[in-house]
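Have a look at structure.pdb below; it lists PDB, C-alpha atoms.
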```pdb
ATOM      1  CA  MET A   1      24.896  44.820  68.366
ATOM      2  CA  ILE A   2      27.677  45.744  65.951
ATOM      3  CA  PHE A   3      27.349  49.208  64.440
ATOM      4  CA  VAL A   4      29.208  49.951  61.218
ATOM      5  CA  THR A   5      29.682  53.601  60.287
ATOM      6  CA  VAL A   6      31.424  55.107  57.273
ATOM      7  CA  GLY A   7      30.703  58.711  58.266
ATOM      8  CA  THR A   8      29.958  61.384  55.702
ATOM      9  CA  THR A   9      31.629  59.603  52.785
ATOM     10  CA  HIS A  10      31.449  56.087  51.382
ATOM     11  CA  PHE A  11      33.359  52.886  51.877
ATOM     12  CA  ASP A  12      31.797  50.210  49.683
ATOM     13  CA  ALA A  13      34.487  47.603  50.296
ATOM     14  CA  LEU A  14      33.861  47.703  54.049
ATOM     15  CA  VAL A  15      30.082  47.537  53.704
ATOM     16  CA  GLN A  16      30.344  44.659  51.241
ATOM     17  CA  GLU A  17      32.649  42.743  53.570
ATOM     18  CA  ILE A  18      30.362  43.113  56.570
ATOM     19  CA  ASP A  19      27.334  42.152  54.492
ATOM     20  CA  MET A  20      29.177  39.067  53.301
ATOM     21  CA  LEU A  21      30.167  38.071  56.857
ATOM     22  CA  VAL A  22      26.542  38.311  57.949
ATOM     23  CA  ALA A  23      25.415  36.299  54.903
ATOM     24  CA  ARG A  24      27.888  33.518  55.786
ATOM     25  CA  GLY A  25      26.715  33.454  59.387
ATOM     26  CA  ARG A  26      30.131  34.516  60.665
ATOM     27  CA  LEU A  27      28.681  37.152  62.999
ATOM     28  CA  SER A  28      26.175  36.154  65.660
ATOM     29  CA  GLU A  29      25.398  39.712  66.708
ATOM     30  CA  ARG A  30      22.823  41.981  65.147
ATOM     31  CA  VAL A  31      24.526  44.312  62.666
ATOM     32  CA  VAL A  32      23.410  47.844  61.797
ATOM     33  CA  CYS A  33      25.208  49.641  59.000
ATOM     34  CA  GLN A  34      25.384  53.374  58.239
ATOM     35  CA  TYR A  35      26.653  53.205  54.672
ATOM     36  CA  GLY A  36      26.810  56.857  53.603
ATOM     37  CA  SER A  37      26.914  57.773  49.942
ATOM     38  CA  GLY A  38      28.128  54.348  48.827
ATOM     39  CA  GLU A  39      26.850  52.536  45.761
ATOM     40  CA  PHE A  40      26.628  49.189  47.525
ATOM     41  CA  VAL A  41      23.458  48.757  49.613
ATOM     42  CA  PRO A  42      23.732  45.999  52.235
ATOM     43  CA  THR A  43      21.038  43.348  51.978
ATOM     44  CA  ARG A  44      21.855  41.132  54.934
ATOM     45  CA  CYS A  45      21.983  43.712  57.723
ATOM     46  CA  GLU A  46      19.850  46.675  58.754
ATOM     47  CA  GLY A  47      21.173  49.825  57.184
ATOM     48  CA  PHE A  48      20.697  53.485  56.422
ATOM     49  CA  ARG A  49      22.672  56.092  54.543
ATOM     50  CA  PHE A  50      22.766  59.026  56.934
ATOM     51  CA  ALA A  51      21.097  60.210  60.098
ATOM     52  CA  PRO A  52      21.111  63.634  61.797
ATOM     53  CA  SER A  53      22.803  61.943  64.712
ATOM     54  CA  ILE A  54      24.236  58.454  65.160
ATOM     55  CA  GLU A  55      24.697  58.872  68.911
ATOM     56  CA  ARG A  56      22.062  56.342  69.914
ATOM     57  CA  TRP A  57      23.579  53.608  67.730
ATOM     58  CA  LEU A  58      27.014  54.403  69.098
ATOM     59  CA  ASP A  59      25.657  54.199  72.649
ATOM     60  CA  GLU A  60      23.841  50.933  72.034
ATOM     61  CA  ALA A  61      26.598  49.133  70.133
ATOM     62  CA  ASP A  62      28.829  46.541  71.769
ATOM     63  CA  LEU A  63      31.291  47.147  68.969
ATOM     64  CA  VAL A  64      31.725  49.903  66.404
ATOM     65  CA  VAL A  65      33.318  49.277  63.012
ATOM     66  CA  CYS A  66      34.529  52.500  61.427
ATOM     67  CA  HIS A  67      36.853  53.967  58.849
ATOM     68  CA  GLY A  68      40.132  55.518  59.891
ATOM     69  CA  GLY A  69      39.006  59.108  60.180
ATOM     70  CA  THR A  70      38.252  61.211  63.228
ATOM     71  CA  THR A  71      35.504  58.733  64.229
ATOM     72  CA  VAL A  72      38.342  56.713  65.762
ATOM     73  CA  LEU A  73      39.134  59.590  68.102
ATOM     74  CA  ALA A  74      35.500  59.817  69.131
ATOM     75  CA  MET A  75      35.535  56.072  69.904
ATOM     76  CA  LEU A  76      38.677  56.370  71.995
ATOM     77  CA  GLN A  77      37.129  59.266  73.844
ATOM     78  CA  ARG A  78      33.979  57.261  74.529
ATOM     79  CA  GLY A  79      35.993  54.267  75.689
ATOM     80  CA  LYS A  80      34.118  52.181  73.129
ATOM     81  CA  ARG A  81      35.230  48.832  71.690
ATOM     82  CA  PHE A  82      35.900  49.436  68.022
ATOM     83  CA  VAL A  83      37.661  48.259  64.899
ATOM     84  CA  ALA A  84      39.062  50.719  62.354
ATOM     85  CA  VAL A  85      39.695  49.995  58.692
ATOM     86  CA  ALA A  86      41.671  52.610  56.764
ATOM     87  CA  ASN A  87      39.812  53.777  53.683
ATOM     88  CA  THR A  88      42.721  53.667  51.249
ATOM     89  CA  VAL A  89      40.493  54.228  48.212
ATOM     90  CA  LEU A  90      39.391  57.643  49.384
ATOM     91  CA  SER A  91      42.381  58.918  51.265
ATOM     92  CA  GLY A  92      45.432  57.004  50.106
ATOM     93  CA  ASP A  93      47.841  56.583  52.958
ATOM     94  CA  HIS A  94      46.515  59.396  55.116
ATOM     95  CA  GLN A  95      44.219  57.389  57.378
ATOM     96  CA  SER A  96      46.751  54.571  57.759
ATOM     97  CA  ARG A  97      49.397  56.979  58.934
ATOM     98  CA  MET A  98      47.177  58.483  61.576
ATOM     99  CA  LEU A  99      46.067  55.043  62.779
ATOM    100  CA  GLU A 100      49.683  53.906  62.993
ATOM    101  CA  ARG A 101      50.577  56.969  65.022
ATOM    102  CA  LEU A 102      47.600  56.458  67.328
ATOM    103  CA  THR A 103      48.500  52.839  68.063
ATOM    104  CA  GLY A 104      51.847  54.111  69.302
ATOM    105  CA  LEU A 105      49.892  55.764  72.098
ATOM    106  CA  VAL A 106      47.053  53.311  72.667
ATOM    107  CA  SER A 107      46.554  49.844  71.256
ATOM    108  CA  PHE A 108      43.417  49.044  69.236
ATOM    109  CA  PRO A 109      42.513  46.718  66.338
ATOM    110  CA  TRP A 110      42.877  48.213  62.874
ATOM    111  CA  SER A 111      43.955  47.310  59.377
ATOM    112  CA  ARG A 112      44.485  48.626  55.886
ATOM    113  CA  ASN A 113      42.740  45.543  54.539
ATOM    114  CA  VAL A 114      39.010  45.027  54.600
ATOM    115  CA  SER A 115      39.632  41.273  54.435
ATOM    116  CA  ASP A 116      41.014  41.377  58.004
ATOM    117  CA  LEU A 117      37.646  42.501  59.318
ATOM    118  CA  GLU A 118      36.412  39.209  60.784
ATOM    119  CA  ALA A 119      39.647  38.618  62.694
ATOM    120  CA  LEU A 120      39.658  42.208  63.975
ATOM    121  CA  ILE A 121      36.064  41.910  65.182
ATOM    122  CA  THR A 122      36.801  38.669  67.039
ATOM    123  CA  ARG A 123      39.825  40.265  68.677
ATOM    124  CA  ALA A 124      37.960  43.441  69.647
ATOM    125  CA  LEU A 125      34.998  41.598  71.181
ATOM    126  CA  SER A 126      37.285  39.579  73.434
ATOM    127  CA  SER A 127      39.372  42.531  74.629
ATOM    128  CA  PRO A 128      38.612  45.401  76.957
ATOM    129  CA  PRO A 129      37.844  48.714  75.248
ATOM    130  CA  PRO A 130      40.968  50.774  74.527
ATOM    131  CA  HIS A 131      41.686  53.372  77.138
ATOM    132  CA  ILE A 132      43.437  56.589  76.356
ATOM    133  CA  ALA A 133      45.193  58.678  78.965
ATOM    134  CA  LEU A 134      46.759  61.626  77.210
ATOM    135  CA  PRO A 135      47.174  65.075  78.717
ATOM    136  CA  HIS A 136      44.244  67.382  78.030
ATOM    137  CA  LEU A 137      45.057  70.462  76.011
ATOM    138  CA  ALA A 138      42.044  72.072  77.679
ATOM    139  CA  ASP A 139      43.968  72.125  80.981
ATOM    140  CA  GLU A 140      46.740  74.143  79.336
ATOM    141  CA  LEU A 141      44.274  76.560  77.740
ATOM    142  CA  ARG A 142      42.591  77.180  81.090
ATOM    143  CA  ARG A 143      45.999  78.049  82.449
ATOM    144  CA  VAL A 144      47.127  80.420  79.712
ATOM    145  CA  VAL A 145      43.967  82.338  78.820
TER     146      VAL A 145
ATOM    147  CA  MET B   1      33.913  86.028  83.370
ATOM    148  CA  LYS B   2      36.323  86.422  80.454
ATOM    149  CA  THR B   3      35.100  86.323  76.881
ATOM    150  CA  VAL B   4      36.873  84.133  74.353
ATOM    151  CA  LEU B   5      36.486  84.081  70.570
ATOM    152  CA  PHE B   6      36.383  80.451  69.460
ATOM    153  CA  LEU B   7      36.592  79.358  65.851
ATOM    154  CA  VAL B   8      34.531  76.353  64.804
ATOM    155  CA  ALA B   9      35.459  75.860  61.166
ATOM    156  CA  GLY B  10      33.710  73.388  58.909
ATOM    157  CA  GLY B  11      34.667  70.025  57.538
ATOM    158  CA  GLY B  12      36.974  67.850  59.592
ATOM    159  CA  PHE B  13      37.777  70.660  62.023
ATOM    160  CA  GLN B  14      34.265  70.931  63.381
ATOM    161  CA  TRP B  15      34.321  67.773  65.493
ATOM    162  CA  GLU B  16      37.699  68.580  67.045
ATOM    163  CA  SER B  17      36.768  72.196  67.772
ATOM    164  CA  ILE B  18      33.489  71.206  69.424
ATOM    165  CA  THR B  19      35.225  68.500  71.453
ATOM    166  CA  LEU B  20      37.669  71.096  72.780
ATOM    167  CA  ALA B  21      35.012  73.770  73.353
ATOM    168  CA  ARG B  22      32.857  71.383  75.397
ATOM    169  CA  GLN B  23      35.630  71.013  77.979
ATOM    170  CA  LEU B  24      35.925  74.768  78.397
ATOM    171  CA  ILE B  25      32.306  75.843  78.013
ATOM    172  CA  ASP B  26      31.721  76.659  81.676
ATOM    173  CA  ARG B  27      34.925  78.602  82.040
ATOM    174  CA  TRP B  28      34.411  81.553  79.719
ATOM    175  CA  LYS B  29      31.785  83.409  77.773
ATOM    176  CA  PHE B  30      32.170  82.184  74.227
ATOM    177  CA  VAL B  31      31.681  83.998  70.968
ATOM    178  CA  PHE B  32      31.704  81.205  68.396
ATOM    179  CA  LEU B  33      33.140  82.187  65.038
ATOM    180  CA  VAL B  34      31.444  80.059  62.446
ATOM    181  CA  PRO B  35      31.769  80.003  58.643
ATOM    182  CA  GLU B  36      28.821  81.660  56.920
ATOM    183  CA  SER B  37      28.009  78.466  55.065
ATOM    184  CA  SER B  38      27.792  76.320  58.207
ATOM    185  CA  THR B  39      24.497  74.534  58.696
ATOM    186  CA  LEU B  40      23.709  74.446  62.370
ATOM    187  CA  ARG B  41      20.376  72.669  62.347
ATOM    188  CA  GLY B  42      20.638  69.334  64.083
ATOM    189  CA  SER B  43      24.393  69.529  64.390
ATOM    190  CA  PRO B  44      26.251  69.187  67.698
ATOM    191  CA  LEU B  45      27.238  72.814  67.216
ATOM    192  CA  GLU B  46      23.652  73.966  67.586
ATOM    193  CA  ALA B  47      23.405  72.679  71.155
ATOM    194  CA  LEU B  48      26.760  74.142  72.083
ATOM    195  CA  VAL B  49      26.156  77.678  70.857
ATOM    196  CA  SER B  50      22.680  77.992  72.325
ATOM    197  CA  ASP B  51      23.829  79.642  75.563
ATOM    198  CA  HIS B  52      26.541  81.689  73.932
ATOM    199  CA  ARG B  53      26.929  84.114  71.069
ATOM    200  CA  MET B  54      27.741  83.214  67.529
ATOM    201  CA  LEU B  55      29.279  85.250  64.742
ATOM    202  CA  ARG B  56      29.050  84.102  61.163
ATOM    203  CA  MET B  57      32.142  84.930  59.167
ATOM    204  CA  PRO B  58      32.584  84.838  55.432
ATOM    205  CA  GLU B  59      34.995  82.191  54.268
ATOM    206  CA  VAL B  60      37.774  83.936  52.383
ATOM    207  CA  SER B  61      37.827  81.287  49.716
ATOM    208  CA  SER B  62      35.096  78.682  49.805
ATOM    209  CA  ARG B  63      34.585  75.989  47.235
ATOM    210  CA  ALA B  64      32.103  78.225  45.489
ATOM    211  CA  GLU B  65      34.103  81.401  45.281
ATOM    212  CA  HIS B  66      37.513  81.621  43.752
ATOM    213  CA  HIS B  67      37.512  84.971  41.979
ATOM    214  CA  ALA B  68      40.033  87.472  43.318
ATOM    215  CA  ALA B  69      37.324  90.106  43.680
ATOM    216  CA  SER B  70      35.094  87.929  45.846
ATOM    217  CA  ILE B  71      38.048  86.693  47.882
ATOM    218  CA  ILE B  72      39.033  90.268  48.675
ATOM    219  CA  ARG B  73      35.444  91.266  49.352
ATOM    220  CA  ASN B  74      34.985  88.358  51.772
ATOM    221  CA  LEU B  75      38.256  89.167  53.476
ATOM    222  CA  VAL B  76      37.249  92.775  54.006
ATOM    223  CA  ARG B  77      33.791  91.769  55.260
ATOM    224  CA  GLY B  78      35.291  89.243  57.659
ATOM    225  CA  VAL B  79      37.791  91.722  59.011
ATOM    226  CA  SER B  80      35.167  94.408  59.636
ATOM    227  CA  VAL B  81      32.726  91.971  61.296
ATOM    228  CA  LEU B  82      35.457  90.763  63.597
ATOM    229  CA  TRP B  83      36.821  94.228  64.254
ATOM    230  CA  ARG B  84      33.411  95.342  65.522
ATOM    231  CA  GLU B  85      33.089  92.223  67.634
ATOM    232  CA  VAL B  86      36.433  92.805  69.335
ATOM    233  CA  SER B  87      35.332  96.354  70.210
ATOM    234  CA  THR B  88      32.060  95.108  71.651
ATOM    235  CA  SER B  89      33.061  92.012  73.567
ATOM    236  CA  LYS B  90      36.705  92.831  74.429
ATOM    237  CA  PRO B  91      37.797  89.190  74.388
ATOM    238  CA  ALA B  92      40.698  87.912  76.470
ATOM    239  CA  ALA B  93      41.804  85.620  73.647
ATOM    240  CA  ALA B  94      40.913  83.949  70.367
ATOM    241  CA  ILE B  95      41.249  80.177  70.065
ATOM    242  CA  CYS B  96      41.458  78.738  66.557
ATOM    243  CA  LEU B  97      41.819  75.142  65.459
ATOM    244  CA  GLY B  98      43.224  73.971  62.151
ATOM    245  CA  SER B  99      41.543  76.096  59.539
ATOM    246  CA  SER B 100      43.021  78.826  57.330
ATOM    247  CA  MET B 101      40.181  81.001  58.635
ATOM    248  CA  SER B 102      42.544  81.398  61.587
ATOM    249  CA  ILE B 103      44.717  83.785  59.577
ATOM    250  CA  PRO B 104      42.369  86.748  59.111
ATOM    251  CA  ILE B 105      41.132  86.183  62.672
ATOM    252  CA  ALA B 106      44.702  86.274  63.976
ATOM    253  CA  LEU B 107      45.476  89.400  61.943
ATOM    254  CA  VAL B 108      42.598  91.356  63.427
ATOM    255  CA  CYS B 109      43.234  90.101  66.952
ATOM    256  CA  ARG B 110      46.938  90.872  66.789
ATOM    257  CA  LEU B 111      46.204  94.412  65.623
ATOM    258  CA  ARG B 112      43.731  94.835  68.482
ATOM    259  CA  GLY B 113      45.983  93.334  71.142
ATOM    260  CA  VAL B 114      43.934  90.175  71.616
ATOM    261  CA  ARG B 115      46.104  87.111  72.141
ATOM    262  CA  VAL B 116      45.665  84.301  69.676
ATOM    263  CA  VAL B 117      46.061  80.614  70.379
ATOM    264  CA  PHE B 118      46.268  78.248  67.409
ATOM    265  CA  VAL B 119      45.786  74.499  67.723
ATOM    266  CA  GLU B 120      46.974  72.304  64.864
ATOM    267  CA  SER B 121      44.493  69.581  63.919
ATOM    268  CA  ILE B 122      45.031  66.113  65.408
ATOM    269  CA  ALA B 123      45.050  64.848  61.820
ATOM    270  CA  ARG B 124      48.389  66.615  61.377
ATOM    271  CA  THR B 125      50.791  63.896  62.480
ATOM    272  CA  ASP B 126      54.042  64.890  60.826
ATOM    273  CA  HIS B 127      54.471  68.598  60.345
ATOM    274  CA  LEU B 128      52.677  71.904  60.736
ATOM    275  CA  SER B 129      50.068  73.027  58.239
ATOM    276  CA  ALA B 130      50.754  76.057  56.049
ATOM    277  CA  THR B 131      48.427  77.988  58.365
ATOM    278  CA  GLY B 132      50.389  76.983  61.449
ATOM    279  CA  ARG B 133      53.707  77.838  59.815
ATOM    280  CA  LEU B 134      52.445  81.222  58.681
ATOM    281  CA  LEU B 135      51.053  82.127  62.095
ATOM    282  CA  LEU B 136      54.387  81.284  63.693
ATOM    283  CA  ARG B 137      56.491  83.026  61.062
ATOM    284  CA  LEU B 138      54.470  86.244  61.165
ATOM    285  CA  ARG B 139      54.199  86.015  64.972
ATOM    286  CA  LEU B 140      50.425  86.279  64.762
ATOM    287  CA  ALA B 141      49.817  83.609  67.380
ATOM    288  CA  SER B 142      51.127  83.832  70.930
ATOM    289  CA  ALA B 143      50.965  80.056  71.168
ATOM    290  CA  VAL B 144      50.801  77.273  68.593
ATOM    291  CA  TYR B 145      49.988  73.787  69.850
ATOM    292  CA  VAL B 146      50.478  70.492  68.069
ATOM    293  CA  GLN B 147      48.673  67.346  69.174
ATOM    294  CA  TRP B 148      51.445  64.824  68.660
ATOM    295  CA  PRO B 149      54.542  64.981  70.873
ATOM    296  CA  GLU B 150      56.860  63.902  68.012
ATOM    297  CA  MET B 151      55.899  66.987  66.045
ATOM    298  CA  VAL B 152      57.625  69.357  68.422
ATOM    299  CA  SER B 153      61.039  68.532  66.950
ATOM    300  CA  THR B 154      59.845  69.179  63.372
ATOM    301  CA  SER B 155      57.836  72.274  64.280
ATOM    302  CA  PRO B 156      60.083  74.844  65.927
ATOM    303  CA  GLY B 157      58.049  77.257  67.993
ATOM    304  CA  ALA B 158      55.144  74.854  68.510
ATOM    305  CA  MET B 159      54.341  73.148  71.816
ATOM    306  CA  TYR B 160      52.772  69.854  72.793
ATOM    307  CA  LYS B 161      50.510  70.006  75.830
ATOM    308  CA  GLY B 162      48.073  67.236  75.058
ATOM    309  CA  THR B 163      45.150  66.660  72.736
ATOM    310  CA  VAL B 164      41.590  67.847  72.334
ATOM    311  CA  LEU B 165      40.337  64.459  73.613
TER     312      LEU B 165
END
```
For the structure just supplied, provide its representation as structure tokens.
Amino acid sequence: MIFVTVGTTHFDALVQEIDMLVARGRLSERVVCQYGSGEFVPTRCEGFRFAPSIERWLDEADLVVCHGGTTVLAMLQRGKRFVAVANTVLSGDHQSRMLERLTGLVSFPWSRNVSDLEALITRALSSPPPHIALPHLADELRRVV
Amino acid sequence: MKTVLFLVAGGGFQWESITLARQLIDRWKFVFLVPESSTLRGSPLEALVSDHRMLRMPEVSSRAEHHAASIIRNLVRGVSVLWREVSTSKPAAAICLGSSMSIPIALVCRLRGVRVVFVESIARTDHLSATGRLLLRLRLASAVYVQWPEMVSTSPGAMYKGTVL
């Protein structure tokens, strides 16, 4: 199952692209889409706007498609296969810059362009989940407090 | 067991703060400092605070309130709420992540001899926030941490010791 999540905002271009890929039969997996406050409502995949918690979809998914916000960090922490697309409409360059910085530390599929989505998904599904091994700030705080 | 004041501000800071708190939750007694407007119901914060104490603090300037009078009133209320809390719980430290709410918290703690640790948000990839710079300049925080190693050279006084992940 591929789970698409746009978080608390909206990302119509991403939702439209995924809906289109499903319509064209380009994705063989089941797709569930959390589409937030967007205007575009997907017709070819299961979807919902918001939920009190998306944990169970995140757990169940083989792949998560998300925007470039802090969801990416949660995915890295979970060791989950994911694809990130920077939401340039909402946040300009901000998400892209963070994603670029992150890939300096750990490699994962991402793009500024929604049109790259199919290629990113194919790449993510055939790679191991990204693994992050950074020092834990918590260890330092235990030491100093 | 030591008591620690731990700020969980709203918006983008909430996820990071909770992620950090979860790793330390068995180590100290927590008093969670939470903005008055925070909705807890059904949020990950609700589960986390259930075994610990929580203190709601007025936001100095929320989206709703911008008048000087209400800003000052909220500041005074926040300071007095926190002042009483410090007297009661005698915390070993206050840990604040990202938000400008850190400033009044740091002011009170500094005056009361409680050490303050400030963590810059992981979303800050290039340089310190205004809050971080102010805390360093006024020496209100005993430690300021950034979450990207490259930031240490552009943020004199700040340290990199890892991330909240």
For the interface of chain A with chain B (cut-off 12 Å, counting all atoms listed in the file), please tabulate each contacting residue of chain A alongside its nearest pair of atoms and their separation in Å to one decimal, rows sorted by chain and increasing number, as CSV.
```
residue,atom,partner,partner_atom,distance
A:Gly7,CA,B:Gly12,CA,11.2
A:Thr8,CA,B:Gly11,CA,10.0
A:Thr9,CA,B:Gly11,CA,11.9
A:Ala51,CA,B:Gly42,CA,10.0
A:Pro52,CA,B:Gly42,CA,6.2
A:Ser53,CA,B:Gly42,CA,7.7
A:Ile54,CA,B:Ser43,CA,11.1
A:Glu55,CA,B:Pro44,CA,10.5
A:Gly68,CA,B:Ala123,CA,10.7
A:Gly69,CA,B:Ala123,CA,8.5
A:Thr70,CA,B:Gly12,CA,7.7
A:Thr71,CA,B:Trp15,CA,9.2
A:Val72,CA,B:Leu165,CA,11.2
A:Leu73,CA,B:Leu165,CA,7.5
A:Ala74,CA,B:Leu165,CA,8.1
A:Met75,CA,B:Leu165,CA,10.4
A:Leu76,CA,B:Leu165,CA,8.4
A:Gln77,CA,B:Leu165,CA,6.1
A:Arg78,CA,B:Leu165,CA,9.6
A:Gly79,CA,B:Leu165,CA,11.3
A:His94,CA,B:Ala123,CA,8.8
A:Gln95,CA,B:Ala123,CA,8.7
A:Ser96,CA,B:Ala123,CA,11.2
A:Arg97,CA,B:Thr125,CA,7.9
A:Met98,CA,B:Thr125,CA,6.6
A:Leu99,CA,B:Ala123,CA,9.9
A:Glu100,CA,B:Thr125,CA,10.1
A:Arg101,CA,B:Thr125,CA,7.4
A:Leu102,CA,B:Trp148,CA,9.3
A:Gly104,CA,B:Trp148,CA,10.7
A:Leu105,CA,B:Trp148,CA,9.8
A:His131,CA,B:Leu165,CA,11.7
A:Ile132,CA,B:Leu165,CA,8.9
A:Ala133,CA,B:Leu165,CA,9.3
A:Leu134,CA,B:Gly162,CA,6.2
A:Pro135,CA,B:Gly162,CA,4.3
A:His136,CA,B:Gly162,CA,4.8
A:Leu137,CA,B:Gly162,CA,4.5
A:Ala138,CA,B:Gln23,CA,6.5
A:Asp139,CA,B:Lys161,CA,8.6
A:Glu140,CA,B:Lys161,CA,6.6
A:Leu141,CA,B:Leu24,CA,8.6
A:Arg142,CA,B:Leu24,CA,7.6
A:Arg143,CA,B:Arg27,CA,11.1
A:Val144,CA,B:Ala143,CA,9.4
A:Val145,CA,B:Ala93,CA,6.5
```
Gap from CA of Arg53 in chain B to CA of Ser37 in chain B - Å, one decimal:
17.0 Å
I would like the residues chosen by the PyMOL selection byres ((chain A and resi 11-24) around 9) on the shown file; could you give them as a PyMOL selection string?
chain A and resi 4-6+9-10+25-31+33-45+66-67+85+87+89-90+114-115+117-118
Given 8 Å on each side, where is the centre and what are the edge lengths in Å to one decimal of the axis-aligned box enclosing the listed atoms of range 85-91 of chain B, as AutoDock Vina command-line options?
```
--center_x 34.9 --center_y 92.8 --center_z 71.0 --size_x 21.7 --size_y 23.2 --size_z 22.8
```
Apply the PyMOL selection byres ((chain B and resi 82) around 10) to the structure shown and report the selected residues as a count of residues only.
21
Taken to one decimal, the CA of Glu46 in chain A-CA of Val64 in chain A distance is 14.5 Å
Work out how far apart CA of Gly157 in chain B and CA of Val114 in chain B are and give it in Å to one decimal.
19.5 Å
Could you spell out the hits of the PyMOL selection byres ((chain A and resi 82) around 9) on the shown file, as a compact mmCIF listing (two decimals) with C-alpha atoms, keeping the file's coordinate frame?
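Just written: selection.txt:
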```
# COMPACT_ATOMS: atom_id res chain seq x y z
CA ASP A 62 28.83 46.54 71.77
CA LEU A 63 31.29 47.15 68.97
CA VAL A 64 31.72 49.90 66.40
CA VAL A 65 33.32 49.28 63.01
CA CYS A 66 34.53 52.50 61.43
CA VAL A 72 38.34 56.71 65.76
CA MET A 75 35.53 56.07 69.90
CA LEU A 76 38.68 56.37 72.00
CA LYS A 80 34.12 52.18 73.13
CA ARG A 81 35.23 48.83 71.69
CA VAL A 83 37.66 48.26 64.90
CA ALA A 84 39.06 50.72 62.35
CA PHE A 108 43.42 49.04 69.24
CA PRO A 109 42.51 46.72 66.34
CA TRP A 110 42.88 48.21 62.87
CA ILE A 121 36.06 41.91 65.18
CA ALA A 124 37.96 43.44 69.65
CA LEU A 125 35.00 41.60 71.18
CA PRO A 129 37.84 48.71 75.25
CA PRO A 130 40.97 50.77 74.53
```
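Of the listed residues (A:Asn113, A:Arg49, A:Ser107, A:Ser126), A:Asn113 comes nearest to Thr88 in chain A; the distances count all atoms listed in the file.
Shortest separation to Asp51 in chain B among B:Phe32, B:Ser153, B:Gly98, B:Met1 occurs at residue B:Phe32, atoms counted being only C-alpha atoms.
Each of B:Glu46, B:Lys29, B:Met101, B:Val60 was compared to Gly10 in chain B using all atoms listed in the file, and B:Met101 turns out to be the nearest.
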